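Undergrad: Take this structure, written in structure tokens, and hold onto it; I'll ask about it next.
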Amino acid sequence: MKNKFRSFVALLMSLVFVASLSFSFAYAKNYGEYTKDDPEIIQKEEEIAELDKEIQASKEQQAELQKEIDAASEKASALQKQIDLVQSEIDAYNKKINLLNSQINALNNQISNIENNIKETEQKMEEQQVAIEETQKLLGQRLRAMYMTGNISKIEIILDADSFESLLTRLELVAQIAEHDNQIVKELEEEIKELNQMKKELEEKKVQLEANKEQVKSAKSEVEEDKAVVVSKKVDLDSKKATLTKYLSGLSANSKELKNHEATLKAKQEAYEAQIDAMINGISSTGSGSIGSMVWPVSPTSSCWISSPYGYRTMGGESKSFHRGVDICRSGASSGTASIVAAASGKVIYVSAECNHNYPKSYRYQDPHYSTYGNCVFIDHGNGVVTRYGHLSTVSVYNGQTVSAGQKIGVMGCTGYSTGFHLHFEVRINGNTVNPMNYIKLG
């Protein structure tokens, strides 16, 4: 009888043990118990950490290249300005040379006109000289005729008059002949003198114009020499610009290659993180997502503000990927006075508290466990609703713990991929992110 009782007790205890195991399994399944020691998950997270290192190295190389690109671009811009100024100088020289050429052409035209005038004057002088010679010839012939007739004097001509009337006529004729001859000679002399003076003036003007022309030619030569120096300077600047442009092109190619490499690494990392998300979603509750309003996840609520909303965003002029939550800041948070509280009652399904760094970083911190969030807490509120709290300085709950709405779960910090002290707060419904501002309200 005693042995039967012992057997019954042993059987009963076995049944209780089996029942407790079944309850634990059901509990874990229903409430989302997450074991971060799962070898598969640990392997994925280690691979993510290695990818993070490669991404960081790529970012650092990209930053250095960008500095070189910016410096080279600034230098290229300065060179272009200098080239533009030199080109303006060349244009001015070209205009000046064109004006000097016009001036030379005008002087050439004037010289040509004067030379034509001189030729015309010389031709007139030659014609007038012929006329003078003809007149002189006629005068000579008259004198010879008078000589051949006995060199008749004026007295003889007068004495031969047979009457007083004839005498007067002879006297008048002699006077007219003499006056006419003298007038012809005088006019010829005046014309010769006038033509000689005109020729002299034209020759002097021609000499002056030739001198002016030589001065303009000299000025043009100096301008062309100055222009040659400036053109040489521009050629040198163009060469420097071409070299710099080629260098910039090489830098841009390297930059593009690094960005493509970084994008590849980022895609791999996101794929691994998606697998981990899928694992967590696999142990999270599912449902309609109905939960009602939640409490503000930062306490006290005073001096809080949203630094980055839900959705696509741009940081530092660079387009970032979709922001899956909201970033909540609070004045004085760096002193550790901002507590992070559960937005609603639920069960903690994931805790990461191994990130030691807690200061602003402009790049992702290499935390081997969920480096994006740093120290973080995930809470399953049932009905498919899960909230995530990232970048905590310290965590005050443990995995599997049941928490109440408003219960402290940690302190605001700057761990993980964070540029300053704040809380990254997410709300997910059946694994999909939604805008947290539809569930929480400040005040």
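Every chain in the structure tokens takes a letter, A first, then B, and so on in the order presented; its residues are numbered from 1, and the ligands are numbered from 1 following the presented order.
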Could you give me, as a ChimeraX atom specification, the residues within 12 Å of region 204-212 of chain A, counting only C-alpha atoms and dropping anything in the same chain fewer than 3 positions from it?
TA: /A:100,103-118,197-201,215-219
Undergrad: Put those residues in a file: C-alpha atoms, as a compact mmCIF listing (two decimals), in the first residue's frame.
TA:
```
# COMPACT_ATOMS: atom_id res chain seq x y z
CA LEU A 100 44.01 100.60 -83.27
CA GLN A 103 42.89 103.99 -86.56
CA ILE A 104 45.73 102.66 -88.72
CA ASN A 105 43.31 102.05 -91.58
CA ALA A 106 42.02 105.62 -91.27
CA LEU A 107 45.57 106.97 -91.32
CA ASN A 108 46.37 104.81 -94.33
CA ASN A 109 43.34 106.24 -96.10
CA GLN A 110 44.44 109.78 -95.25
CA ILE A 111 47.99 109.07 -96.47
CA SER A 112 46.61 107.54 -99.65
CA ASN A 113 44.43 110.62 -100.25
CA ILE A 114 47.39 112.96 -99.66
CA GLU A 115 49.56 110.91 -101.97
CA ASN A 116 46.84 111.20 -104.63
CA ASN A 117 46.68 114.96 -104.03
CA ILE A 118 50.45 115.23 -104.37
CA GLN A 197 53.73 125.67 -101.86
CA MET A 198 50.87 123.20 -102.16
CA LYS A 199 53.30 120.42 -102.92
CA LYS A 200 55.42 121.38 -99.94
CA GLU A 201 52.41 121.39 -97.59
CA GLN A 215 53.10 105.70 -83.53
CA VAL A 216 49.83 103.82 -83.89
CA LYS A 217 51.68 100.79 -85.25
CA SER A 218 54.02 100.94 -82.25
CA ALA A 219 51.07 101.22 -79.87
```
Undergrad: Compile the contact shell of Lys246 (chain A) as a ChimeraX atom specification: residues with an atom at most 12 Å away, counting only C-alpha atoms, same-chain residues fewer than 6 positions apart removed.
TA: /A:69,72-73,76,239-240,252-253
Undergrad: Would you work out the distance separating CA of Phe425 (chain A) from CA of Val295 (chain A), expressed in Å to one decimal?
TA: 12.2 Å
Undergrad: Taking the chain letters and numbering used in this document, name the residues of region 157-312 of chain A that DSSP puts in strand (DSSP E or B), as a count of residues only.
TA: 9
Undergrad: For the structure I just gave you, how does DSSP split region 155-363 of chain A - specifically, which residues are alpha helix (DSSP H)? Reply as a CSV table (one decimal) with N, CA and C atoms, in the first residue's frame.
TA:
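See selection-v6.csv below for the written result:
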```csv
chain,number,residue,atom,x,y,z
A,155,ILE,N,61.2,153.9,-130.1
A,155,ILE,CA,61.4,155.2,-130.7
A,155,ILE,C,61.2,155.1,-132.2
A,156,GLU,N,61.8,154.0,-132.7
A,156,GLU,CA,61.6,153.9,-134.2
A,156,GLU,C,60.2,153.6,-134.5
A,157,ILE,N,59.5,152.8,-133.7
A,157,ILE,CA,58.1,152.6,-134.0
A,157,ILE,C,57.3,153.9,-134.0
A,158,ILE,N,57.7,154.8,-133.0
A,158,ILE,CA,56.9,156.0,-132.9
A,158,ILE,C,57.3,157.0,-134.0
A,159,LEU,N,58.5,157.0,-134.4
A,159,LEU,CA,59.0,158.0,-135.5
A,159,LEU,C,58.4,157.6,-136.8
A,164,PHE,N,49.5,161.9,-136.2
A,164,PHE,CA,49.4,161.9,-134.7
A,164,PHE,C,48.6,160.7,-134.2
A,165,GLU,N,47.5,160.5,-135.0
A,165,GLU,CA,46.6,159.4,-134.7
A,165,GLU,C,47.3,158.1,-134.7
A,166,SER,N,48.1,157.9,-135.7
A,166,SER,CA,48.9,156.7,-135.9
A,166,SER,C,49.9,156.6,-134.7
A,167,LEU,N,50.5,157.7,-134.4
A,167,LEU,CA,51.4,157.7,-133.2
A,167,LEU,C,50.8,157.2,-132.0
A,168,LEU,N,49.6,157.8,-131.7
A,168,LEU,CA,48.9,157.3,-130.5
A,168,LEU,C,48.6,155.8,-130.5
A,169,THR,N,48.2,155.4,-131.7
A,169,THR,CA,47.9,154.0,-131.8
A,169,THR,C,49.1,153.1,-131.6
A,170,ARG,N,50.3,153.5,-132.2
A,170,ARG,CA,51.5,152.8,-132.0
A,170,ARG,C,51.9,152.7,-130.5
A,171,LEU,N,51.8,153.9,-129.9
A,171,LEU,CA,52.2,154.0,-128.5
A,171,LEU,C,51.4,153.0,-127.6
A,172,GLU,N,50.1,153.0,-127.9
A,172,GLU,CA,49.2,152.2,-127.1
A,172,GLU,C,49.5,150.7,-127.4
A,173,LEU,N,49.8,150.4,-128.6
A,173,LEU,CA,50.1,149.0,-129.0
A,173,LEU,C,51.3,148.5,-128.3
A,174,VAL,N,52.3,149.3,-128.3
A,174,VAL,CA,53.6,148.9,-127.6
A,174,VAL,C,53.4,148.7,-126.1
A,175,ALA,N,52.6,149.6,-125.5
A,175,ALA,CA,52.3,149.4,-124.1
A,175,ALA,C,51.5,148.2,-123.8
A,176,GLN,N,50.5,147.9,-124.6
A,176,GLN,CA,49.7,146.7,-124.4
A,176,GLN,C,50.6,145.4,-124.6
A,177,ILE,N,51.4,145.4,-125.6
A,177,ILE,CA,52.3,144.2,-125.8
A,177,ILE,C,53.2,144.0,-124.6
A,178,ALA,N,53.8,145.0,-124.1
A,178,ALA,CA,54.7,144.9,-122.9
A,178,ALA,C,53.9,144.4,-121.7
A,179,GLU,N,52.7,145.1,-121.5
A,179,GLU,CA,51.9,144.8,-120.3
A,179,GLU,C,51.4,143.3,-120.4
A,180,HIS,N,51.0,142.9,-121.6
A,180,HIS,CA,50.5,141.6,-121.8
A,180,HIS,C,51.6,140.5,-121.5
A,181,ASP,N,52.8,140.8,-122.0
A,181,ASP,CA,53.9,139.9,-121.8
A,181,ASP,C,54.2,139.8,-120.3
A,182,ASN,N,54.3,140.9,-119.7
A,182,ASN,CA,54.6,141.0,-118.3
A,182,ASN,C,53.6,140.2,-117.4
A,183,GLN,N,52.3,140.4,-117.8
A,183,GLN,CA,51.2,139.8,-117.0
A,183,GLN,C,51.3,138.3,-117.2
A,184,ILE,N,51.6,137.9,-118.4
A,184,ILE,CA,51.6,136.4,-118.6
A,184,ILE,C,52.8,135.8,-117.8
A,185,VAL,N,53.9,136.4,-117.8
A,185,VAL,CA,55.0,135.9,-117.0
A,185,VAL,C,54.7,135.9,-115.5
A,186,LYS,N,54.1,137.0,-115.1
A,186,LYS,CA,53.8,137.2,-113.6
A,186,LYS,C,52.8,136.1,-113.2
A,187,GLU,N,51.7,135.9,-114.0
A,187,GLU,CA,50.7,134.8,-113.7
A,187,GLU,C,51.4,133.4,-113.6
A,188,LEU,N,52.3,133.2,-114.6
A,188,LEU,CA,52.9,131.9,-114.6
A,188,LEU,C,53.8,131.7,-113.4
A,189,GLU,N,54.5,132.8,-113.0
A,189,GLU,CA,55.3,132.7,-111.8
A,189,GLU,C,54.5,132.5,-110.5
A,190,GLU,N,53.3,133.1,-110.5
A,190,GLU,CA,52.4,132.9,-109.3
A,190,GLU,C,51.9,131.5,-109.2
A,191,GLU,N,51.5,131.0,-110.3
A,191,GLU,CA,51.0,129.6,-110.4
A,191,GLU,C,52.1,128.6,-110.0
A,192,ILE,N,53.3,128.9,-110.5
A,192,ILE,CA,54.4,127.9,-110.1
A,192,ILE,C,54.6,128.0,-108.6
A,193,LYS,N,54.7,129.2,-108.1
A,193,LYS,CA,54.9,129.4,-106.7
A,193,LYS,C,53.8,128.7,-105.8
A,194,GLU,N,52.5,128.9,-106.2
A,194,GLU,CA,51.4,128.3,-105.5
A,194,GLU,C,51.4,126.8,-105.6
A,195,LEU,N,51.8,126.3,-106.7
A,195,LEU,CA,51.9,124.8,-106.8
A,195,LEU,C,53.0,124.3,-106.0
A,196,ASN,N,54.1,124.9,-106.0
A,196,ASN,CA,55.2,124.5,-105.2
A,196,ASN,C,54.9,124.5,-103.7
A,197,GLN,N,54.1,125.6,-103.3
A,197,GLN,CA,53.7,125.7,-101.9
A,197,GLN,C,52.8,124.5,-101.5
A,198,MET,N,51.8,124.3,-102.4
A,198,MET,CA,50.9,123.2,-102.2
A,198,MET,C,51.6,121.9,-102.1
A,199,LYS,N,52.5,121.7,-103.0
A,199,LYS,CA,53.3,120.4,-102.9
A,199,LYS,C,54.1,120.3,-101.6
A,200,LYS,N,54.7,121.4,-101.2
A,200,LYS,CA,55.4,121.4,-99.9
A,200,LYS,C,54.5,121.0,-98.7
A,201,GLU,N,53.3,121.7,-98.7
A,201,GLU,CA,52.4,121.4,-97.6
A,201,GLU,C,51.9,119.9,-97.6
A,202,LEU,N,51.6,119.5,-98.8
A,202,LEU,CA,51.2,118.1,-98.9
A,202,LEU,C,52.3,117.1,-98.5
A,203,GLU,N,53.6,117.4,-98.8
A,203,GLU,CA,54.7,116.6,-98.4
A,203,GLU,C,54.8,116.6,-96.9
A,204,GLU,N,54.7,117.8,-96.3
A,204,GLU,CA,54.8,117.9,-94.8
A,204,GLU,C,53.7,117.1,-94.1
A,205,LYS,N,52.5,117.2,-94.7
A,205,LYS,CA,51.3,116.5,-94.1
A,205,LYS,C,51.5,115.0,-94.2
A,206,LYS,N,52.0,114.6,-95.4
A,206,LYS,CA,52.3,113.2,-95.6
A,206,LYS,C,53.3,112.7,-94.6
A,207,VAL,N,54.4,113.5,-94.3
A,207,VAL,CA,55.4,113.1,-93.4
A,207,VAL,C,54.8,113.0,-92.0
A,208,GLN,N,53.9,113.9,-91.6
A,208,GLN,CA,53.3,113.9,-90.3
A,208,GLN,C,52.4,112.7,-90.1
A,209,LEU,N,51.6,112.4,-91.2
A,209,LEU,CA,50.7,111.2,-91.2
A,209,LEU,C,51.5,109.9,-91.1
A,210,GLU,N,52.6,109.9,-91.8
A,210,GLU,CA,53.5,108.7,-91.7
A,210,GLU,C,54.0,108.5,-90.2
A,211,ALA,N,54.3,109.6,-89.6
A,211,ALA,CA,54.8,109.6,-88.2
A,211,ALA,C,53.7,109.1,-87.3
A,212,ASN,N,52.5,109.6,-87.5
A,212,ASN,CA,51.3,109.2,-86.7
A,212,ASN,C,51.0,107.7,-86.9
A,213,LYS,N,51.2,107.3,-88.2
A,213,LYS,CA,50.9,105.9,-88.5
A,213,LYS,C,51.9,105.0,-87.8
A,214,GLU,N,53.2,105.4,-87.7
A,214,GLU,CA,54.2,104.7,-87.0
A,214,GLU,C,53.9,104.6,-85.5
A,215,GLN,N,53.4,105.7,-85.0
A,215,GLN,CA,53.1,105.7,-83.5
A,215,GLN,C,52.0,104.7,-83.2
A,216,VAL,N,51.0,104.8,-84.1
A,216,VAL,CA,49.8,103.8,-83.9
A,216,VAL,C,50.3,102.4,-84.0
A,217,LYS,N,51.2,102.1,-85.1
A,217,LYS,CA,51.7,100.8,-85.2
A,217,LYS,C,52.5,100.3,-84.0
A,218,SER,N,53.2,101.3,-83.4
A,218,SER,CA,54.0,100.9,-82.2
A,218,SER,C,53.1,100.6,-81.1
A,219,ALA,N,52.0,101.5,-80.9
A,219,ALA,CA,51.1,101.2,-79.9
A,219,ALA,C,50.4,99.9,-80.1
A,220,LYS,N,50.0,99.6,-81.3
A,220,LYS,CA,49.4,98.3,-81.6
A,220,LYS,C,50.3,97.1,-81.3
A,221,SER,N,51.6,97.3,-81.6
A,221,SER,CA,52.6,96.2,-81.3
A,221,SER,C,52.7,96.0,-79.8
A,222,GLU,N,52.7,97.1,-79.0
A,222,GLU,CA,52.8,96.9,-77.6
A,222,GLU,C,51.5,96.2,-77.0
A,223,VAL,N,50.3,96.6,-77.6
A,223,VAL,CA,49.1,96.0,-77.1
A,223,VAL,C,49.1,94.5,-77.5
A,224,GLU,N,49.6,94.2,-78.7
A,224,GLU,CA,49.7,92.8,-79.1
A,224,GLU,C,50.6,92.0,-78.2
A,225,GLU,N,51.7,92.6,-77.8
A,225,GLU,CA,52.6,91.9,-76.8
A,225,GLU,C,52.0,91.7,-75.5
A,226,ASP,N,51.3,92.7,-75.0
A,226,ASP,CA,50.6,92.6,-73.7
A,226,ASP,C,49.5,91.5,-73.8
A,227,LYS,N,48.8,91.5,-75.0
A,227,LYS,CA,47.8,90.4,-75.2
A,227,LYS,C,48.4,89.1,-75.2
A,228,ALA,N,49.6,88.9,-75.8
A,228,ALA,CA,50.2,87.6,-75.9
A,228,ALA,C,50.6,87.1,-74.5
A,229,VAL,N,51.0,88.0,-73.6
A,229,VAL,CA,51.3,87.6,-72.2
A,229,VAL,C,50.0,87.1,-71.5
A,230,VAL,N,48.9,87.9,-71.7
A,230,VAL,CA,47.7,87.5,-71.1
A,230,VAL,C,47.1,86.2,-71.7
A,231,VAL,N,47.2,86.0,-73.0
A,231,VAL,CA,46.8,84.8,-73.6
A,231,VAL,C,47.6,83.6,-73.1
A,232,SER,N,48.9,83.8,-72.9
A,232,SER,CA,49.8,82.7,-72.4
A,232,SER,C,49.3,82.4,-70.9
A,233,LYS,N,49.0,83.4,-70.2
A,233,LYS,CA,48.5,83.2,-68.8
A,233,LYS,C,47.2,82.4,-68.8
A,234,LYS,N,46.3,82.7,-69.7
A,234,LYS,CA,45.0,82.0,-69.8
A,234,LYS,C,45.3,80.5,-70.2
A,235,VAL,N,46.2,80.3,-71.2
A,235,VAL,CA,46.5,78.9,-71.6
A,235,VAL,C,47.0,78.2,-70.3
A,236,ASP,N,47.8,78.8,-69.5
A,236,ASP,CA,48.4,78.1,-68.3
A,236,ASP,C,47.2,77.8,-67.4
A,237,LEU,N,46.3,78.8,-67.2
A,237,LEU,CA,45.2,78.6,-66.3
A,237,LEU,C,44.3,77.5,-66.8
A,238,ASP,N,44.0,77.5,-68.1
A,238,ASP,CA,43.2,76.5,-68.7
A,238,ASP,C,43.8,75.1,-68.5
A,239,SER,N,45.1,75.0,-68.6
A,239,SER,CA,45.8,73.7,-68.4
A,239,SER,C,45.6,73.3,-66.9
A,240,LYS,N,45.8,74.2,-66.0
A,240,LYS,CA,45.6,73.9,-64.6
A,240,LYS,C,44.2,73.4,-64.3
A,241,LYS,N,43.2,74.2,-64.9
A,241,LYS,CA,41.9,73.8,-64.7
A,241,LYS,C,41.6,72.4,-65.3
A,242,ALA,N,42.1,72.1,-66.4
A,242,ALA,CA,41.9,70.8,-67.0
A,242,ALA,C,42.5,69.7,-66.1
A,243,THR,N,43.7,69.9,-65.6
A,243,THR,CA,44.3,69.0,-64.6
A,243,THR,C,43.4,68.8,-63.4
A,244,LEU,N,42.9,69.9,-62.9
A,244,LEU,CA,42.1,69.8,-61.7
A,244,LEU,C,40.7,69.2,-61.9
A,245,THR,N,40.2,69.4,-63.1
A,245,THR,CA,38.9,68.8,-63.5
A,245,THR,C,39.1,67.3,-63.6
A,246,LYS,N,40.2,66.9,-64.2
A,246,LYS,CA,40.5,65.4,-64.3
A,246,LYS,C,40.6,64.8,-62.9
A,247,TYR,N,41.3,65.5,-62.0
A,247,TYR,CA,41.5,65.1,-60.6
A,247,TYR,C,40.1,65.0,-59.9
A,248,LEU,N,39.3,66.0,-60.1
A,248,LEU,CA,38.0,66.0,-59.5
A,248,LEU,C,37.1,64.8,-60.0
A,249,SER,N,37.3,64.6,-61.3
A,249,SER,CA,36.5,63.5,-61.9
A,249,SER,C,36.9,62.1,-61.3
A,250,GLY,N,38.2,62.0,-61.1
A,250,GLY,CA,38.7,60.8,-60.4
A,250,GLY,C,38.2,60.6,-59.0
A,251,LEU,N,38.2,61.8,-58.3
A,251,LEU,CA,37.6,61.7,-56.9
A,251,LEU,C,36.2,61.4,-56.9
A,252,SER,N,35.4,62.0,-57.8
A,252,SER,CA,34.0,61.7,-57.9
A,252,SER,C,33.7,60.2,-58.2
A,253,ALA,N,34.6,59.6,-59.1
A,253,ALA,CA,34.4,58.2,-59.4
A,253,ALA,C,34.7,57.4,-58.1
A,254,ASN,N,35.7,57.7,-57.4
A,254,ASN,CA,36.0,57.0,-56.2
A,254,ASN,C,34.9,57.1,-55.2
A,255,SER,N,34.4,58.4,-55.1
A,255,SER,CA,33.3,58.6,-54.2
A,255,SER,C,32.0,57.8,-54.5
A,256,LYS,N,31.8,57.7,-55.8
A,256,LYS,CA,30.6,57.0,-56.3
A,256,LYS,C,30.8,55.5,-56.0
A,257,GLU,N,32.0,55.0,-56.2
A,257,GLU,CA,32.3,53.6,-55.9
A,257,GLU,C,32.2,53.3,-54.4
A,258,LEU,N,32.7,54.2,-53.6
A,258,LEU,CA,32.5,54.0,-52.1
A,258,LEU,C,31.0,54.0,-51.7
A,259,LYS,N,30.3,54.9,-52.3
A,259,LYS,CA,28.9,55.0,-51.9
A,259,LYS,C,28.1,53.7,-52.4
A,260,ASN,N,28.5,53.2,-53.5
A,260,ASN,CA,27.9,52.0,-54.0
A,260,ASN,C,28.2,50.8,-53.0
A,261,HIS,N,29.5,50.8,-52.6
A,261,HIS,CA,30.0,49.8,-51.7
A,261,HIS,C,29.2,49.9,-50.4
A,262,GLU,N,29.1,51.1,-49.9
A,262,GLU,CA,28.4,51.4,-48.6
A,262,GLU,C,26.9,50.9,-48.7
A,263,ALA,N,26.3,51.2,-49.9
A,263,ALA,CA,24.9,50.9,-50.1
A,263,ALA,C,24.7,49.4,-50.1
A,264,THR,N,25.7,48.7,-50.7
A,264,THR,CA,25.7,47.2,-50.7
A,264,THR,C,25.7,46.6,-49.3
A,265,LEU,N,26.7,47.2,-48.5
A,265,LEU,CA,26.8,46.7,-47.1
A,265,LEU,C,25.6,47.1,-46.3
A,266,LYS,N,25.1,48.3,-46.6
A,266,LYS,CA,23.9,48.7,-45.8
A,266,LYS,C,22.7,47.8,-46.2
A,267,ALA,N,22.6,47.4,-47.4
A,267,ALA,CA,21.5,46.5,-47.8
A,267,ALA,C,21.6,45.1,-47.1
A,268,LYS,N,22.9,44.6,-47.0
A,268,LYS,CA,23.1,43.3,-46.3
A,268,LYS,C,22.7,43.5,-44.9
A,269,GLN,N,23.1,44.6,-44.3
A,269,GLN,CA,22.8,44.8,-42.8
A,269,GLN,C,21.3,44.9,-42.6
A,270,GLU,N,20.6,45.6,-43.5
A,270,GLU,CA,19.2,45.7,-43.3
A,270,GLU,C,18.5,44.4,-43.5
A,271,ALA,N,19.1,43.6,-44.4
A,271,ALA,CA,18.5,42.2,-44.6
A,271,ALA,C,18.6,41.4,-43.4
A,272,TYR,N,19.8,41.5,-42.7
A,272,TYR,CA,20.0,40.7,-41.5
A,272,TYR,C,19.1,41.2,-40.4
A,273,GLU,N,19.0,42.6,-40.2
A,273,GLU,CA,18.2,43.1,-39.2
A,273,GLU,C,16.7,42.8,-39.5
A,274,ALA,N,16.3,42.7,-40.7
A,274,ALA,CA,15.0,42.3,-41.1
A,274,ALA,C,14.7,40.8,-40.6
A,275,GLN,N,15.8,40.0,-40.7
A,275,GLN,CA,15.6,38.6,-40.3
A,275,GLN,C,15.4,38.6,-38.7
A,276,ILE,N,16.2,39.4,-38.0
A,276,ILE,CA,16.0,39.4,-36.6
A,276,ILE,C,14.6,40.0,-36.2
A,277,ASP,N,14.2,41.0,-37.0
A,277,ASP,CA,12.9,41.6,-36.7
A,277,ASP,C,11.8,40.5,-37.0
A,278,ALA,N,12.0,39.7,-38.0
A,278,ALA,CA,11.1,38.6,-38.3
A,278,ALA,C,11.0,37.6,-37.1
A,279,MET,N,12.2,37.3,-36.5
A,279,MET,CA,12.3,36.4,-35.4
A,279,MET,C,11.5,37.0,-34.2
A,280,ILE,N,11.7,38.3,-33.9
A,280,ILE,CA,11.0,38.9,-32.8
A,280,ILE,C,9.5,39.0,-33.1
A,281,ASN,N,9.2,39.3,-34.4
A,281,ASN,CA,7.8,39.4,-34.7
A,281,ASN,C,7.1,38.0,-34.6
A,282,GLY,N,7.9,37.0,-34.8
A,282,GLY,CA,7.4,35.6,-34.7
A,282,GLY,C,7.0,35.2,-33.3
A,283,ILE,N,7.6,35.9,-32.3
A,283,ILE,CA,7.2,35.6,-30.9
A,283,ILE,C,6.4,36.7,-30.3
```
Undergrad: Find the distance between CA of Ser308 (chain A) and CA of Tyr439 (chain A) and write it in Å to one decimal.
TA: 16.6 Å
Undergrad: Suppose you want the space between CA of Met437 (chain A) and CA of Ser293 (chain A); what is it in Å?
TA: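 Computed distance, CA of Met437 (chain A) to CA of Ser293 (chain A), equals 10.0 Å.
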Undergrad: List as a ChimeraX atom specification the protein and nucleic acid residues near region 346-352 of chain A, meaning an atom at most 6 Å away when only C-alpha atoms are counted, but skip any in the same chain fewer than 6 places from it.
TA: /A:32-34,375-381,399-403
Undergrad: Can you pull out every residue within 8 Å of region 319-334 of chain A, counting only C-alpha atoms, but drop anything in the same chain fewer than 4 positions away, and send it as an MDAnalysis selection string?
TA: chainID A and resid 298 302:315 338 412:413 421:427 433:437
